[in-house]
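To start, the structure itself, in structure tokens.
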Amino acid sequence: MSGPEAKESMEEAGLITLDKYPGPAASWSALHLPCDAVSRFRLTAVLQSTARCPVCDEQITPKVAE
Ligand SMILES: [Zn+2]
């Protein structure tokens with residue numbers, strides 16, 4: 001996945017990334033829109049719906065077509 005695609009996937013999951021794409025398995029600083037807090041998330045975990053916001057404890061799930 002390219003940087004812009006990765007960024008878009010994060011945005012669809014409600015995360016506004018703040019840094020350059022570090023790679024799928026690295027933690028990435030992002031603003032979690034529902035709680036307006038910055039945390040670190042791994043893209044792979046976001047795509048697999050296993051990521052959780054440590055601030056509001058909401059599960060991070062990518063938008064998927066049903
Ligand atoms: Zn949150």
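If you're wondering about the labels, chains in the structure tokens are A, B, ... by order shown, residues count from 1 in each chain, ligands from 1 in order shown.
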
Close residues to ligand 1 using only C-alpha atoms and all ligand atoms, limit 10 Å, as a count of residues only: 20

Hey, what does DSSP flag as strand (DSSP E or B) within chain A? Can you give it to me as a list in words? Leu15, Ile16, Thr17, Ser27, Trp28, Ser29, Ala30, Leu31, His32, Ala37, Val38, Ser39, Arg40, Phe41, Arg42, Ala51, Arg52, Gln59 and Ile60 of chain A

File of the preceding selection, C-alpha atoms, as a PDB file, in the first residue's frame:
ATOM      1  CA  LEU A  15      -8.002   8.805  12.055  1.00  0.00           C
ATOM      2  CA  ILE A  16      -6.247  11.888  10.726  1.00  0.00           C
ATOM      3  CA  THR A  17      -2.589  10.968  10.364  1.00  0.00           C
ATOM      4  CA  SER A  27       2.896   2.846  14.977  1.00  0.00           C
ATOM      5  CA  TRP A  28       1.636   6.003  13.352  1.00  0.00           C
ATOM      6  CA  SER A  29       0.572   9.191  15.119  1.00  0.00           C
ATOM      7  CA  ALA A  30      -2.995  10.112  14.302  1.00  0.00           C
ATOM      8  CA  LEU A  31      -5.830  12.215  15.627  1.00  0.00           C
ATOM      9  CA  HIS A  32      -8.830  10.068  16.518  1.00  0.00           C
ATOM     10  CA  ALA A  37      -7.069  12.885  20.936  1.00  0.00           C
ATOM     11  CA  VAL A  38      -3.752  11.995  19.331  1.00  0.00           C
ATOM     12  CA  SER A  39      -2.533   8.420  19.779  1.00  0.00           C
ATOM     13  CA  ARG A  40      -0.448   5.921  17.877  1.00  0.00           C
ATOM     14  CA  PHE A  41      -2.006   3.275  15.665  1.00  0.00           C
ATOM     15  CA  ARG A  42      -0.661   0.534  13.423  1.00  0.00           C
ATOM     16  CA  ALA A  51      -6.952  -1.461  16.843  1.00  0.00           C
ATOM     17  CA  ARG A  52      -8.451   0.407  19.785  1.00  0.00           C
ATOM     18  CA  GLN A  59     -12.628   0.084  18.382  1.00  0.00           C
ATOM     19  CA  ILE A  60     -11.082   1.419  15.183  1.00  0.00           C
TER      20      ILE A  60
END

Go ahead and compute the interatomic distance for atom CA of Leu47 of chain A and atom CA of Leu18 of chain A, in Å to one decimal.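 Spanning atom CA of Leu47 of chain A to atom CA of Leu18 of chain A is a straight-line distance of 18.0 Å.
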
Taking the DSSP assignment computed from this structure's backbone, write out as a PyMOL selection string all residues of chain A that belong to alpha helix (DSSP H). chain A and resi 3-12+43-47

Residues from last step as file, N, CA and C atoms, as a PDB file, in the first residue's frame:
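Output saved as result_13.pdb:
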ATOM      1  N   GLY A   3       1.777   5.380   0.475  1.00  0.00           N
ATOM      2  CA  GLY A   3       1.508   6.348   1.530  1.00  0.00           C
ATOM      3  C   GLY A   3       0.135   6.995   1.424  1.00  0.00           C
ATOM      4  N   PRO A   4      -0.225   7.572   0.248  1.00  0.00           N
ATOM      5  CA  PRO A   4      -1.540   8.218   0.119  1.00  0.00           C
ATOM      6  C   PRO A   4      -2.703   7.255   0.352  1.00  0.00           C
ATOM      7  N   GLU A   5      -2.563   6.009  -0.104  1.00  0.00           N
ATOM      8  CA  GLU A   5      -3.620   5.011   0.109  1.00  0.00           C
ATOM      9  C   GLU A   5      -3.743   4.676   1.591  1.00  0.00           C
ATOM     10  N   ALA A   6      -2.601   4.562   2.239  1.00  0.00           N
ATOM     11  CA  ALA A   6      -2.582   4.245   3.667  1.00  0.00           C
ATOM     12  C   ALA A   6      -3.261   5.361   4.452  1.00  0.00           C
ATOM     13  N   LYS A   7      -2.941   6.599   4.087  1.00  0.00           N
ATOM     14  CA  LYS A   7      -3.515   7.770   4.742  1.00  0.00           C
ATOM     15  C   LYS A   7      -5.044   7.783   4.568  1.00  0.00           C
ATOM     16  N   GLU A   8      -5.477   7.445   3.375  1.00  0.00           N
ATOM     17  CA  GLU A   8      -6.908   7.411   3.080  1.00  0.00           C
ATOM     18  C   GLU A   8      -7.611   6.328   3.901  1.00  0.00           C
ATOM     19  N   SER A   9      -6.980   5.176   4.028  1.00  0.00           N
ATOM     20  CA  SER A   9      -7.564   4.092   4.820  1.00  0.00           C
ATOM     21  C   SER A   9      -7.708   4.512   6.274  1.00  0.00           C
ATOM     22  N   MET A  10      -6.715   5.223   6.785  1.00  0.00           N
ATOM     23  CA  MET A  10      -6.762   5.698   8.166  1.00  0.00           C
ATOM     24  C   MET A  10      -7.896   6.719   8.316  1.00  0.00           C
ATOM     25  N   GLU A  11      -8.027   7.600   7.340  1.00  0.00           N
ATOM     26  CA  GLU A  11      -9.084   8.622   7.409  1.00  0.00           C
ATOM     27  C   GLU A  11     -10.474   7.999   7.380  1.00  0.00           C
ATOM     28  N   GLU A  12     -10.619   6.941   6.590  1.00  0.00           N
ATOM     29  CA  GLU A  12     -11.912   6.256   6.544  1.00  0.00           C
ATOM     30  C   GLU A  12     -12.248   5.607   7.881  1.00  0.00           C
ATOM     31  N   LEU A  43      -1.253   0.597  11.089  1.00  0.00           N
ATOM     32  CA  LEU A  43      -2.156   0.444   9.944  1.00  0.00           C
ATOM     33  C   LEU A  43      -2.692  -0.982   9.847  1.00  0.00           C
ATOM     34  N   THR A  44      -1.826  -1.977  10.036  1.00  0.00           N
ATOM     35  CA  THR A  44      -2.284  -3.364   9.932  1.00  0.00           C
ATOM     36  C   THR A  44      -3.396  -3.642  10.939  1.00  0.00           C
ATOM     37  N   ALA A  45      -3.249  -3.145  12.149  1.00  0.00           N
ATOM     38  CA  ALA A  45      -4.271  -3.367  13.173  1.00  0.00           C
ATOM     39  C   ALA A  45      -5.569  -2.653  12.801  1.00  0.00           C
ATOM     40  N   VAL A  46      -5.460  -1.455  12.245  1.00  0.00           N
ATOM     41  CA  VAL A  46      -6.656  -0.707  11.824  1.00  0.00           C
ATOM     42  C   VAL A  46      -7.402  -1.486  10.734  1.00  0.00           C
ATOM     43  N   LEU A  47      -6.658  -1.980   9.756  1.00  0.00           N
ATOM     44  CA  LEU A  47      -7.284  -2.705   8.642  1.00  0.00           C
ATOM     45  C   LEU A  47      -7.908  -4.020   9.100  1.00  0.00           C
TER      46      LEU A  47
END

Could you check the closest approach to Ser2 of chain A for each of A:Lys20, A:Ala26, A:Thr50, A:Pro62 and tell me which residue wins, using only C-alpha atoms? A:Lys20
